[in-house]
file work_26.cif (mmCIF, C-alpha atoms, pLDDT in the B column; chains and numbers go by the auth columns)
data_upload
loop_
_atom_site.group_PDB
_atom_site.id
_atom_site.type_symbol
_atom_site.label_atom_id
_atom_site.label_comp_id
_atom_site.label_asym_id
_atom_site.label_seq_id
_atom_site.Cartn_x
_atom_site.Cartn_y
_atom_site.Cartn_z
_atom_site.B_iso_or_equiv
_atom_site.auth_seq_id
_atom_site.auth_asym_id
ATOM 1 C CA GLU A 1 90.131 75.199 143.647 57.00 1 A
ATOM 2 C CA ARG A 2 93.384 76.707 144.859 63.00 2 A
ATOM 3 C CA ILE A 3 94.406 78.175 141.513 64.00 3 A
ATOM 4 C CA PHE A 4 93.608 81.810 141.003 59.00 4 A
ATOM 5 C CA CYS A 5 94.393 84.326 138.308 61.00 5 A
ATOM 6 C CA PHE A 6 94.426 88.103 138.320 59.00 6 A
ATOM 7 C CA HIS A 7 92.237 89.425 135.523 57.00 7 A
ATOM 8 C CA PRO A 8 92.312 86.423 133.181 59.00 8 A
ATOM 9 C CA ASP A 9 90.032 88.366 130.838 62.00 9 A
ATOM 10 C CA GLY A 10 88.990 91.928 130.606 62.00 10 A
ATOM 11 C CA ILE A 11 90.330 95.389 130.000 66.00 11 A
ATOM 12 C CA THR A 12 93.703 94.957 131.739 70.00 12 A
ATOM 13 C CA ASP A 13 94.669 92.052 129.503 72.00 13 A
ATOM 14 C CA ASP A 14 93.640 93.919 126.362 76.00 14 A
ATOM 15 C CA LEU A 15 95.490 97.077 127.409 82.00 15 A
ATOM 16 C CA ILE A 16 98.750 95.174 127.867 81.00 16 A
ATOM 17 C CA PHE A 17 98.221 93.504 124.498 81.00 17 A
ATOM 18 C CA CYS A 18 97.615 96.842 122.745 86.00 18 A
ATOM 19 C CA TYR A 19 100.497 98.544 124.574 89.00 19 A
ATOM 20 C CA THR A 20 102.924 95.875 123.341 87.00 20 A
ATOM 21 C CA PHE A 21 101.911 96.330 119.722 89.00 21 A
ATOM 22 C CA VAL A 22 101.977 100.128 119.963 93.00 22 A
ATOM 23 C CA ALA A 23 105.487 99.962 121.447 92.00 23 A
ATOM 24 C CA ALA A 24 106.637 97.608 118.667 90.00 24 A
ATOM 25 C CA PHE A 25 105.116 99.900 116.033 92.00 25 A
ATOM 26 C CA LEU A 26 106.965 102.873 117.536 94.00 26 A
ATOM 27 C CA VAL A 27 110.255 100.977 117.426 91.00 27 A
ATOM 28 C CA PHE A 28 109.726 100.132 113.742 90.00 28 A
ATOM 29 C CA PHE A 29 108.647 103.703 112.974 94.00 29 A
ATOM 30 C CA PHE A 30 111.677 105.285 114.639 94.00 30 A
ATOM 31 C CA LEU A 31 114.030 102.787 113.013 90.00 31 A
ATOM 32 C CA ILE A 32 112.717 103.750 109.574 91.00 32 A
ATOM 33 C CA LEU A 33 112.746 107.451 110.458 95.00 33 A
ATOM 34 C CA PHE A 34 116.354 107.422 111.670 93.00 34 A
ATOM 35 C CA ALA A 35 117.510 105.359 108.686 91.00 35 A
ATOM 36 C CA VAL A 36 115.940 107.857 106.285 92.00 36 A
ATOM 37 C CA LEU A 37 117.488 110.755 108.215 94.00 37 A
ATOM 38 C CA CYS A 38 120.930 109.121 108.120 92.00 38 A
ATOM 39 C CA PHE A 39 120.797 108.626 104.361 91.00 39 A
ATOM 40 C CA ARG A 40 119.449 112.165 103.921 93.00 40 A
ATOM 41 C CA GLU A 41 122.315 113.636 105.960 92.00 41 A
ATOM 42 C CA LEU A 42 124.794 111.583 103.959 90.00 42 A
ATOM 43 C CA LYS A 43 123.243 112.983 100.780 90.00 43 A
ATOM 44 C CA LYS A 44 123.665 116.525 102.144 91.00 44 A
ATOM 45 C CA GLN A 45 127.325 115.912 102.961 88.00 45 A
ATOM 46 C CA GLU A 46 127.957 114.432 99.510 87.00 46 A
ATOM 47 C CA LYS A 47 129.460 117.628 98.089 87.00 47 A
ATOM 48 C CA PHE A 48 131.983 117.902 100.922 88.00 48 A
ATOM 49 C CA MET A 49 133.276 114.319 100.705 87.00 49 A
ATOM 50 C CA GLN A 50 135.522 112.474 98.333 91.00 50 A
ATOM 51 C CA LYS A 51 133.847 109.801 96.214 89.00 51 A
ATOM 52 C CA LYS A 52 135.781 106.980 97.884 92.00 52 A
ATOM 53 C CA THR A 53 134.869 108.179 101.375 90.00 53 A
ATOM 54 C CA LEU A 54 131.243 108.631 100.365 89.00 54 A
ATOM 55 C CA ALA A 55 131.074 105.117 98.927 90.00 55 A
ATOM 56 C CA ALA A 56 132.621 103.694 102.105 90.00 56 A
ATOM 57 C CA GLN A 57 130.135 105.630 104.264 90.00 57 A
ATOM 58 C CA ARG A 58 127.180 104.434 102.181 91.00 58 A
ATOM 59 C CA THR A 59 128.369 100.834 102.343 91.00 59 A
ATOM 60 C CA LEU A 60 128.871 101.030 106.094 90.00 60 A
ATOM 61 C CA LEU A 61 125.468 102.639 106.659 92.00 61 A
ATOM 62 C CA ARG A 62 123.757 100.070 104.433 92.00 62 A
ATOM 63 C CA ASN A 63 125.491 97.181 106.235 92.00 63 A
ATOM 64 C CA LEU A 64 124.595 98.561 109.654 91.00 64 A
ATOM 65 C CA LEU A 65 120.995 99.044 108.586 91.00 65 A
ATOM 66 C CA ILE A 66 120.789 95.449 107.355 91.00 66 A
ATOM 67 C CA SER A 67 122.412 94.288 110.599 90.00 67 A
ATOM 68 C CA THR A 68 119.703 96.151 112.495 89.00 68 A
ATOM 69 C CA VAL A 69 116.835 94.767 110.424 89.00 69 A
ATOM 70 C CA ILE A 70 117.866 91.105 110.892 90.00 70 A
ATOM 71 C CA PRO A 71 117.066 91.080 114.650 89.00 71 A
ATOM 72 C CA LEU A 72 113.732 92.732 113.960 88.00 72 A
ATOM 73 C CA LEU A 73 112.786 90.212 111.289 89.00 73 A
ATOM 74 C CA PHE A 74 114.032 87.107 113.091 91.00 74 A
ATOM 75 C CA GLY A 75 113.432 88.303 116.643 89.00 75 A
ATOM 76 C CA GLY A 76 110.873 91.062 116.947 90.00 76 A
ATOM 77 C CA ILE A 77 108.209 89.942 114.508 91.00 77 A
ATOM 78 C CA PRO A 78 108.144 86.283 115.644 93.00 78 A
ATOM 79 C CA ILE A 79 107.942 87.375 119.294 91.00 79 A
ATOM 80 C CA LEU A 80 104.980 89.622 118.463 91.00 80 A
ATOM 81 C CA VAL A 81 103.280 86.771 116.590 91.00 81 A
ATOM 82 C CA ILE A 82 103.895 84.403 119.509 90.00 82 A
ATOM 83 C CA PHE A 83 102.578 87.004 121.932 88.00 83 A
ATOM 84 C CA ALA A 84 99.469 87.565 119.809 87.00 84 A
ATOM 85 C CA TYR A 85 98.653 83.878 119.448 87.00 85 A
ATOM 86 C CA VAL A 86 99.367 83.059 123.085 84.00 86 A
ATOM 87 C CA HIS A 87 97.053 85.917 124.026 80.00 87 A
ATOM 88 C CA ARG A 88 94.397 84.779 121.540 80.00 88 A
ATOM 89 C CA TYR A 89 94.909 81.047 121.936 80.00 89 A
ATOM 90 C CA GLU A 90 91.358 80.234 120.795 83.00 90 A
ATOM 91 C CA GLN A 91 92.165 81.312 117.209 85.00 91 A
ATOM 92 C CA PRO A 92 92.389 78.507 114.634 88.00 92 A
ATOM 93 C CA ASN A 93 95.919 77.160 114.094 89.00 93 A
ATOM 94 C CA ALA A 94 97.268 79.284 116.961 89.00 94 A
ATOM 95 C CA ARG A 95 99.539 76.490 118.174 90.00 95 A
ATOM 96 C CA LEU A 96 100.941 75.823 114.681 92.00 96 A
ATOM 97 C CA ILE A 97 101.605 79.500 113.976 92.00 97 A
ATOM 98 C CA SER A 98 103.247 79.935 117.372 91.00 98 A
ATOM 99 C CA SER A 99 105.443 76.888 116.781 92.00 99 A
ATOM 100 C CA VAL A 100 106.606 78.166 113.392 93.00 100 A
ATOM 101 C CA SER A 101 107.341 81.557 114.957 93.00 101 A
ATOM 102 C CA VAL A 102 109.418 79.893 117.678 93.00 102 A
ATOM 103 C CA VAL A 103 111.458 78.058 115.025 94.00 103 A
ATOM 104 C CA ILE A 104 112.069 81.329 113.168 93.00 104 A
ATOM 105 C CA PHE A 105 113.029 83.046 116.418 93.00 105 A
ATOM 106 C CA LEU A 106 115.438 80.257 117.344 93.00 106 A
ATOM 107 C CA ASN A 107 117.212 80.641 113.969 92.00 107 A
ATOM 108 C CA PHE A 108 117.957 84.300 114.646 90.00 108 A
ATOM 109 C CA GLY A 109 121.546 83.606 115.732 91.00 109 A
ATOM 110 C CA THR A 110 122.324 81.641 112.597 92.00 110 A
ATOM 111 C CA ALA A 111 120.813 84.273 110.310 91.00 111 A
ATOM 112 C CA TYR A 112 122.611 87.097 112.117 92.00 112 A
ATOM 113 C CA GLY A 113 125.944 85.274 111.977 92.00 113 A
ATOM 114 C CA LEU A 114 125.592 84.562 108.255 92.00 114 A
ATOM 115 C CA CYS A 115 124.546 88.143 107.637 91.00 115 A
ATOM 116 C CA THR A 116 127.636 89.424 109.444 91.00 116 A
ATOM 117 C CA LEU A 117 129.928 87.075 107.532 91.00 117 A
ATOM 118 C CA ILE A 118 128.447 88.130 104.207 90.00 118 A
ATOM 119 C CA LEU A 119 128.160 91.887 104.771 90.00 119 A
ATOM 120 C CA PHE A 120 131.517 92.822 106.261 89.00 120 A
ATOM 121 C CA LYS A 121 134.582 92.372 104.063 88.00 121 A
ATOM 122 C CA PRO A 122 137.127 91.435 106.796 89.00 122 A
ATOM 123 C CA TYR A 123 134.860 88.617 107.954 90.00 123 A
ATOM 124 C CA ARG A 124 134.279 87.457 104.365 88.00 124 A
ATOM 125 C CA GLU A 125 138.014 87.321 103.753 88.00 125 A
ATOM 126 C CA ALA A 126 138.652 85.471 107.027 89.00 126 A
ATOM 127 C CA VAL A 127 136.071 82.839 106.070 88.00 127 A
ATOM 128 C CA GLY A 128 137.749 82.528 102.676 84.00 128 A
ATOM 129 C CA ARG A 129 141.120 81.943 104.344 84.00 129 A
ATOM 130 C CA ILE A 130 139.588 79.273 106.566 86.00 130 A
ATOM 131 C CA PHE A 131 138.112 77.499 103.521 80.00 131 A
ATOM 132 C CA LEU A 132 141.466 77.816 101.773 78.00 132 A
ATOM 133 C CA ARG A 133 143.120 75.915 104.609 80.00 133 A
ATOM 134 C CA LEU A 134 140.386 73.264 104.708 80.00 134 A
ATOM 135 C CA MET A 135 140.317 72.514 100.979 71.00 135 A
ATOM 136 C CA PRO A 136 142.223 69.457 99.695 61.00 136 A
ATOM 137 C CA CYS A 137 145.630 69.981 98.087 51.00 137 A
ATOM 138 C CA ASP A 138 144.419 69.805 94.487 48.00 138 A
ATOM 139 C CA ARG A 139 141.851 72.571 94.992 49.00 139 A
ATOM 140 C CA ALA A 140 142.338 76.078 96.281 48.00 140 A
ATOM 141 C CA LEU A 141 139.829 78.759 97.111 43.00 141 A
ATOM 142 C CA SER A 142 140.998 82.144 95.958 48.00 142 A
ATOM 143 C CA PHE A 143 139.622 85.627 95.926 46.00 143 A
ATOM 144 C CA MET A 144 139.609 87.467 92.666 46.00 144 A
ATOM 145 C CA LYS A 145 138.909 91.161 92.689 48.00 145 A
ATOM 146 C CA GLY A 146 136.038 92.250 90.505 49.00 146 A
ATOM 147 C CA LYS A 147 136.109 95.436 88.456 52.00 147 A
ATOM 148 C CA ASP A 148 134.131 97.358 91.045 57.00 148 A
ATOM 149 C CA GLY A 149 136.328 96.210 93.956 54.00 149 A
ATOM 150 C CA THR A 150 133.986 93.526 95.254 56.00 150 A
ATOM 151 C CA SER A 151 135.285 90.110 96.207 54.00 151 A
ATOM 152 C CA VAL A 152 134.373 87.303 93.862 52.00 152 A
ATOM 153 C CA TRP A 153 134.687 83.717 95.067 54.00 153 A
ATOM 154 C CA ALA A 154 136.195 81.327 92.563 53.00 154 A
ATOM 155 C CA VAL A 155 137.420 77.766 92.804 52.00 155 A
ATOM 156 C CA LYS A 156 140.658 77.215 90.954 52.00 156 A
ATOM 157 C CA ILE A 157 141.502 73.632 90.022 48.00 157 A
ATOM 158 C CA THR A 158 145.205 72.912 90.188 51.00 158 A
ATOM 159 C CA GLY A 159 147.035 69.776 89.181 49.00 159 A
ATOM 160 C CA ALA A 160 146.990 67.634 86.060 47.00 160 A
ATOM 161 C CA SER A 161 143.652 66.556 84.696 46.00 161 A
ATOM 162 C CA LYS A 162 143.239 62.960 83.630 48.00 162 A
ATOM 163 C CA SER A 163 142.172 62.258 80.074 46.00 163 A
ATOM 164 C CA GLY A 164 138.912 60.448 79.516 46.00 164 A
ATOM 165 C CA THR A 165 137.136 61.993 82.497 43.00 165 A
#
call {"tool": "encode", "arguments": {"input": "work_26.cif", "output": "C-alpha cells"}}
result
Amino acid sequence: ERIFCFHPDGITDDLIFCYTFVAAFLVFFFLILFAVLCFRELKKQEKFMQKKTLAAQRTLLRNLLISTVIPLLFGGIPILVIFAYVHRYEQPNARLISSVSVVIFLNFGTAYGLCTLILFKPYREAVGRIFLRLMPCDRALSFMKGKDGTSVWAVKITGASKSGT
C-alpha cells in the first residue's frame, strides 16, 4: 500500500537498459580501435627503431592490452549480464545466470593479480625469489634463461639420492 515505484515498466526502463548496452558497446569498440591504431603506429615506426627496442615496445603493448582486457572480461561482461538478467528477471534461469556472473565478477581481483604476475618479468622474478626462499633445503627453484630470453621455471633437485627409490 505504501510502496511505490517510478516507472516500473515502460519506455524509461527500456531506454536505460538500451543506453547501458550501447555505452558498453562503444567502450569495447574504442578499445579495439585504439589497440589496432597503437599496433599500426608501432608498425610504421618499425624502420626507425632498433630490433631490441621494437621487441620491448611490442611486448609492453601486448602486456598492457592483455591487462586492459582482463577487467573487461571479468568485470564488464559479468556486470552487463547481471544487469540484463536483473532487468529481465522473468527469463528462465535468470537467477542462476546472475549468480554465476557474480562469482566470475568476484574473481576479477584474483585473475588480474595472476595476470600481472605472469605478464611482467620483474613480478615473475620476484615470485620466483619468494618460492626459492620457501622451498625446503633439498630443493631449489631456479630460473634458467631460454634461447629467446624468456624465463623458464625449473626445479633442480640437490642432495644425494637414495638407491632403491
call {"tool": "atom_distance", "arguments": {"input": "work_26.cif", "atom1": "atom CA of Ala24 of chain A", "atom2": "atom CA of Ile79 of chain A"}}
result
10.3 Å
call {"tool": "closest_atom_pairs", "arguments": {"input": "work_26.cif", "of": "segment 95-145 of chain A", "to": "segment 59-72 of chain A", "cutoff": "10 Å", "atoms": "all atoms listed in the file", "output": "JSON lines"}}
result
{"residue": "A:Phe105", "atom": "CA", "partner": "A:Pro71", "partner_atom": "CA", "distance": 9.2}
{"residue": "A:Phe108", "atom": "CA", "partner": "A:Pro71", "partner_atom": "CA", "distance": 6.8}
{"residue": "A:Gly109", "atom": "CA", "partner": "A:Pro71", "partner_atom": "CA", "distance": 8.8}
{"residue": "A:Ala111", "atom": "CA", "partner": "A:Ile70", "partner_atom": "CA", "distance": 7.5}
{"residue": "A:Tyr112", "atom": "CA", "partner": "A:Ile70", "partner_atom": "CA", "distance": 6.3}
{"residue": "A:Gly113", "atom": "CA", "partner": "A:Ser67", "partner_atom": "CA", "distance": 9.8}
{"residue": "A:Cys115", "atom": "CA", "partner": "A:Ser67", "partner_atom": "CA", "distance": 7.1}
{"residue": "A:Thr116", "atom": "CA", "partner": "A:Ser67", "partner_atom": "CA", "distance": 7.2}
{"residue": "A:Ile118", "atom": "CA", "partner": "A:Asn63", "partner_atom": "CA", "distance": 9.7}
{"residue": "A:Leu119", "atom": "CA", "partner": "A:Asn63", "partner_atom": "CA", "distance": 6.1}
{"residue": "A:Phe120", "atom": "CA", "partner": "A:Asn63", "partner_atom": "CA", "distance": 7.4}
call {"tool": "atom_distance", "arguments": {"input": "work_26.cif", "atom1": "atom CA of Leu42 of chain A", "atom2": "atom CA of Val27 of chain A"}}
result
22.5 Å
call {"tool": "closest_residue", "arguments": {"input": "work_26.cif", "among": "A:Gln50, A:Phe21, A:Ala126, A:Leu96", "to": "Gly76 of chain A", "atoms": "all atoms listed in the file"}}
result
A:Phe21
call {"tool": "resolve_selection", "arguments": {"input": "work_26.cif", "expression": "the PyMOL selection byres ((chain A and resi 98) around 12)", "output": "JSON, numbers by chain"}}
result
{"A": [77, 78, 79, 80, 81, 82, 83, 84, 85, 86, 87, 88, 89, 91, 92, 93, 94, 95, 96, 97, 99, 100, 101, 102, 103, 104, 105]}
call {"tool": "decode", "arguments": {"input": "work_26.cif", "residues": "segment 87-123 of chain A", "atoms": "N, CA and C atoms", "output": "PDB file, in the first residue's frame"}}
result
ATOM      1  N   HIS A  87      17.235  -6.950 -14.984  1.00  0.00           N
ATOM      2  CA  HIS A  87      16.210  -6.189 -15.707  1.00  0.00           C
ATOM      3  C   HIS A  87      15.128  -7.111 -16.266  1.00  0.00           C
ATOM      4  N   ARG A  88      15.529  -8.247 -16.776  1.00  0.00           N
ATOM      5  CA  ARG A  88      14.591  -9.229 -17.339  1.00  0.00           C
ATOM      6  C   ARG A  88      14.533 -10.459 -16.429  1.00  0.00           C
ATOM      7  N   TYR A  89      14.119 -10.238 -15.220  1.00  0.00           N
ATOM      8  CA  TYR A  89      14.121 -11.291 -14.197  1.00  0.00           C
ATOM      9  C   TYR A  89      13.165 -12.435 -14.508  1.00  0.00           C
ATOM     10  N   GLU A  90      12.202 -12.224 -15.396  1.00  0.00           N
ATOM     11  CA  GLU A  90      11.233 -13.287 -15.696  1.00  0.00           C
ATOM     12  C   GLU A  90      11.798 -14.336 -16.659  1.00  0.00           C
ATOM     13  N   GLN A  91      12.983 -14.114 -17.201  1.00  0.00           N
ATOM     14  CA  GLN A  91      13.604 -15.076 -18.114  1.00  0.00           C
ATOM     15  C   GLN A  91      13.938 -16.373 -17.367  1.00  0.00           C
ATOM     16  N   PRO A  92      13.903 -17.503 -18.067  1.00  0.00           N
ATOM     17  CA  PRO A  92      14.251 -18.766 -17.396  1.00  0.00           C
ATOM     18  C   PRO A  92      15.723 -18.765 -16.991  1.00  0.00           C
ATOM     19  N   ASN A  93      15.991 -19.313 -15.828  1.00  0.00           N
ATOM     20  CA  ASN A  93      17.342 -19.422 -15.256  1.00  0.00           C
ATOM     21  C   ASN A  93      18.022 -18.077 -15.024  1.00  0.00           C
ATOM     22  N   ALA A  94      17.272 -17.015 -14.883  1.00  0.00           N
ATOM     23  CA  ALA A  94      17.846 -15.686 -14.672  1.00  0.00           C
ATOM     24  C   ALA A  94      18.645 -15.636 -13.372  1.00  0.00           C
ATOM     25  N   ARG A  95      18.120 -16.239 -12.332  1.00  0.00           N
ATOM     26  CA  ARG A  95      18.816 -16.223 -11.038  1.00  0.00           C
ATOM     27  C   ARG A  95      20.126 -17.006 -11.115  1.00  0.00           C
ATOM     28  N   LEU A  96      20.117 -18.159 -11.754  1.00  0.00           N
ATOM     29  CA  LEU A  96      21.322 -18.981 -11.892  1.00  0.00           C
ATOM     30  C   LEU A  96      22.390 -18.261 -12.705  1.00  0.00           C
ATOM     31  N   ILE A  97      22.001 -17.682 -13.827  1.00  0.00           N
ATOM     32  CA  ILE A  97      22.955 -16.975 -14.678  1.00  0.00           C
ATOM     33  C   ILE A  97      23.517 -15.757 -13.952  1.00  0.00           C
ATOM     34  N   SER A  98      22.679 -15.051 -13.227  1.00  0.00           N
ATOM     35  CA  SER A  98      23.160 -13.904 -12.455  1.00  0.00           C
ATOM     36  C   SER A  98      24.121 -14.342 -11.360  1.00  0.00           C
ATOM     37  N   SER A  99      23.847 -15.448 -10.714  1.00  0.00           N
ATOM     38  CA  SER A  99      24.729 -15.947  -9.658  1.00  0.00           C
ATOM     39  C   SER A  99      26.100 -16.349 -10.208  1.00  0.00           C
ATOM     40  N   VAL A 100      26.110 -17.020 -11.340  1.00  0.00           N
ATOM     41  CA  VAL A 100      27.382 -17.397 -11.967  1.00  0.00           C
ATOM     42  C   VAL A 100      28.155 -16.142 -12.376  1.00  0.00           C
ATOM     43  N   SER A 101      27.465 -15.149 -12.886  1.00  0.00           N
ATOM     44  CA  SER A 101      28.116 -13.897 -13.271  1.00  0.00           C
ATOM     45  C   SER A 101      28.700 -13.175 -12.067  1.00  0.00           C
ATOM     46  N   VAL A 102      28.015 -13.231 -10.937  1.00  0.00           N
ATOM     47  CA  VAL A 102      28.546 -12.620  -9.712  1.00  0.00           C
ATOM     48  C   VAL A 102      29.824 -13.329  -9.275  1.00  0.00           C
ATOM     49  N   VAL A 103      29.846 -14.653  -9.364  1.00  0.00           N
ATOM     50  CA  VAL A 103      31.047 -15.412  -8.992  1.00  0.00           C
ATOM     51  C   VAL A 103      32.217 -15.040  -9.910  1.00  0.00           C
ATOM     52  N   ILE A 104      31.957 -14.927 -11.203  1.00  0.00           N
ATOM     53  CA  ILE A 104      33.007 -14.528 -12.138  1.00  0.00           C
ATOM     54  C   ILE A 104      33.489 -13.119 -11.815  1.00  0.00           C
ATOM     55  N   PHE A 105      32.565 -12.225 -11.543  1.00  0.00           N
ATOM     56  CA  PHE A 105      32.926 -10.846 -11.208  1.00  0.00           C
ATOM     57  C   PHE A 105      33.762 -10.783  -9.929  1.00  0.00           C
ATOM     58  N   LEU A 106      33.405 -11.588  -8.937  1.00  0.00           N
ATOM     59  CA  LEU A 106      34.135 -11.567  -7.678  1.00  0.00           C
ATOM     60  C   LEU A 106      35.546 -12.151  -7.809  1.00  0.00           C
ATOM     61  N   ASN A 107      35.805 -12.940  -8.844  1.00  0.00           N
ATOM     62  CA  ASN A 107      37.143 -13.484  -9.077  1.00  0.00           C
ATOM     63  C   ASN A 107      38.007 -12.583  -9.943  1.00  0.00           C
ATOM     64  N   PHE A 108      37.534 -11.394 -10.244  1.00  0.00           N
ATOM     65  CA  PHE A 108      38.295 -10.459 -11.060  1.00  0.00           C
ATOM     66  C   PHE A 108      39.646 -10.129 -10.427  1.00  0.00           C
ATOM     67  N   GLY A 109      39.679  -9.856  -9.155  1.00  0.00           N
ATOM     68  CA  GLY A 109      40.928  -9.483  -8.479  1.00  0.00           C
ATOM     69  C   GLY A 109      41.976 -10.577  -8.559  1.00  0.00           C
ATOM     70  N   THR A 110      41.552 -11.805  -8.368  1.00  0.00           N
ATOM     71  CA  THR A 110      42.465 -12.937  -8.450  1.00  0.00           C
ATOM     72  C   THR A 110      43.009 -13.084  -9.866  1.00  0.00           C
ATOM     73  N   ALA A 111      42.139 -13.018 -10.842  1.00  0.00           N
ATOM     74  CA  ALA A 111      42.568 -13.161 -12.242  1.00  0.00           C
ATOM     75  C   ALA A 111      43.504 -12.025 -12.641  1.00  0.00           C
ATOM     76  N   TYR A 112      43.202 -10.814 -12.212  1.00  0.00           N
ATOM     77  CA  TYR A 112      44.038  -9.667 -12.563  1.00  0.00           C
ATOM     78  C   TYR A 112      45.404  -9.766 -11.893  1.00  0.00           C
ATOM     79  N   GLY A 113      45.424 -10.203 -10.637  1.00  0.00           N
ATOM     80  CA  GLY A 113      46.698 -10.376  -9.940  1.00  0.00           C
ATOM     81  C   GLY A 113      47.557 -11.449 -10.595  1.00  0.00           C
ATOM     82  N   LEU A 114      46.963 -12.580 -10.926  1.00  0.00           N
ATOM     83  CA  LEU A 114      47.717 -13.641 -11.609  1.00  0.00           C
ATOM     84  C   LEU A 114      48.205 -13.189 -12.978  1.00  0.00           C
ATOM     85  N   CYS A 115      47.374 -12.459 -13.683  1.00  0.00           N
ATOM     86  CA  CYS A 115      47.768 -11.935 -14.984  1.00  0.00           C
ATOM     87  C   CYS A 115      48.971 -11.007 -14.848  1.00  0.00           C
ATOM     88  N   THR A 116      48.959 -10.136 -13.874  1.00  0.00           N
ATOM     89  CA  THR A 116      50.074  -9.224 -13.650  1.00  0.00           C
ATOM     90  C   THR A 116      51.342  -9.983 -13.298  1.00  0.00           C
ATOM     91  N   LEU A 117      51.225 -10.980 -12.437  1.00  0.00           N
ATOM     92  CA  LEU A 117      52.400 -11.763 -12.046  1.00  0.00           C
ATOM     93  C   LEU A 117      52.986 -12.541 -13.221  1.00  0.00           C
ATOM     94  N   ILE A 118      52.143 -12.984 -14.120  1.00  0.00           N
ATOM     95  CA  ILE A 118      52.617 -13.778 -15.248  1.00  0.00           C
ATOM     96  C   ILE A 118      53.174 -12.890 -16.369  1.00  0.00           C
ATOM     97  N   LEU A 119      52.540 -11.765 -16.636  1.00  0.00           N
ATOM     98  CA  LEU A 119      52.912 -10.954 -17.790  1.00  0.00           C
ATOM     99  C   LEU A 119      54.197 -10.150 -17.608  1.00  0.00           C
ATOM    100  N   PHE A 120      54.410  -9.593 -16.445  1.00  0.00           N
ATOM    101  CA  PHE A 120      55.513  -8.656 -16.268  1.00  0.00           C
ATOM    102  C   PHE A 120      56.695  -9.345 -15.607  1.00  0.00           C
ATOM    103  N   LYS A 121      57.841  -9.284 -16.281  1.00  0.00           N
ATOM    104  CA  LYS A 121      59.034 -10.026 -15.883  1.00  0.00           C
ATOM    105  C   LYS A 121      59.513  -9.707 -14.461  1.00  0.00           C
ATOM    106  N   PRO A 122      59.569  -8.441 -14.031  1.00  0.00           N
ATOM    107  CA  PRO A 122      60.028  -8.181 -12.653  1.00  0.00           C
ATOM    108  C   PRO A 122      59.155  -8.856 -11.593  1.00  0.00           C
ATOM    109  N   TYR A 123      57.852  -8.905 -11.845  1.00  0.00           N
ATOM    110  CA  TYR A 123      56.959  -9.574 -10.902  1.00  0.00           C
ATOM    111  C   TYR A 123      57.170 -11.084 -10.929  1.00  0.00           C
TER     112      TYR A 123
END
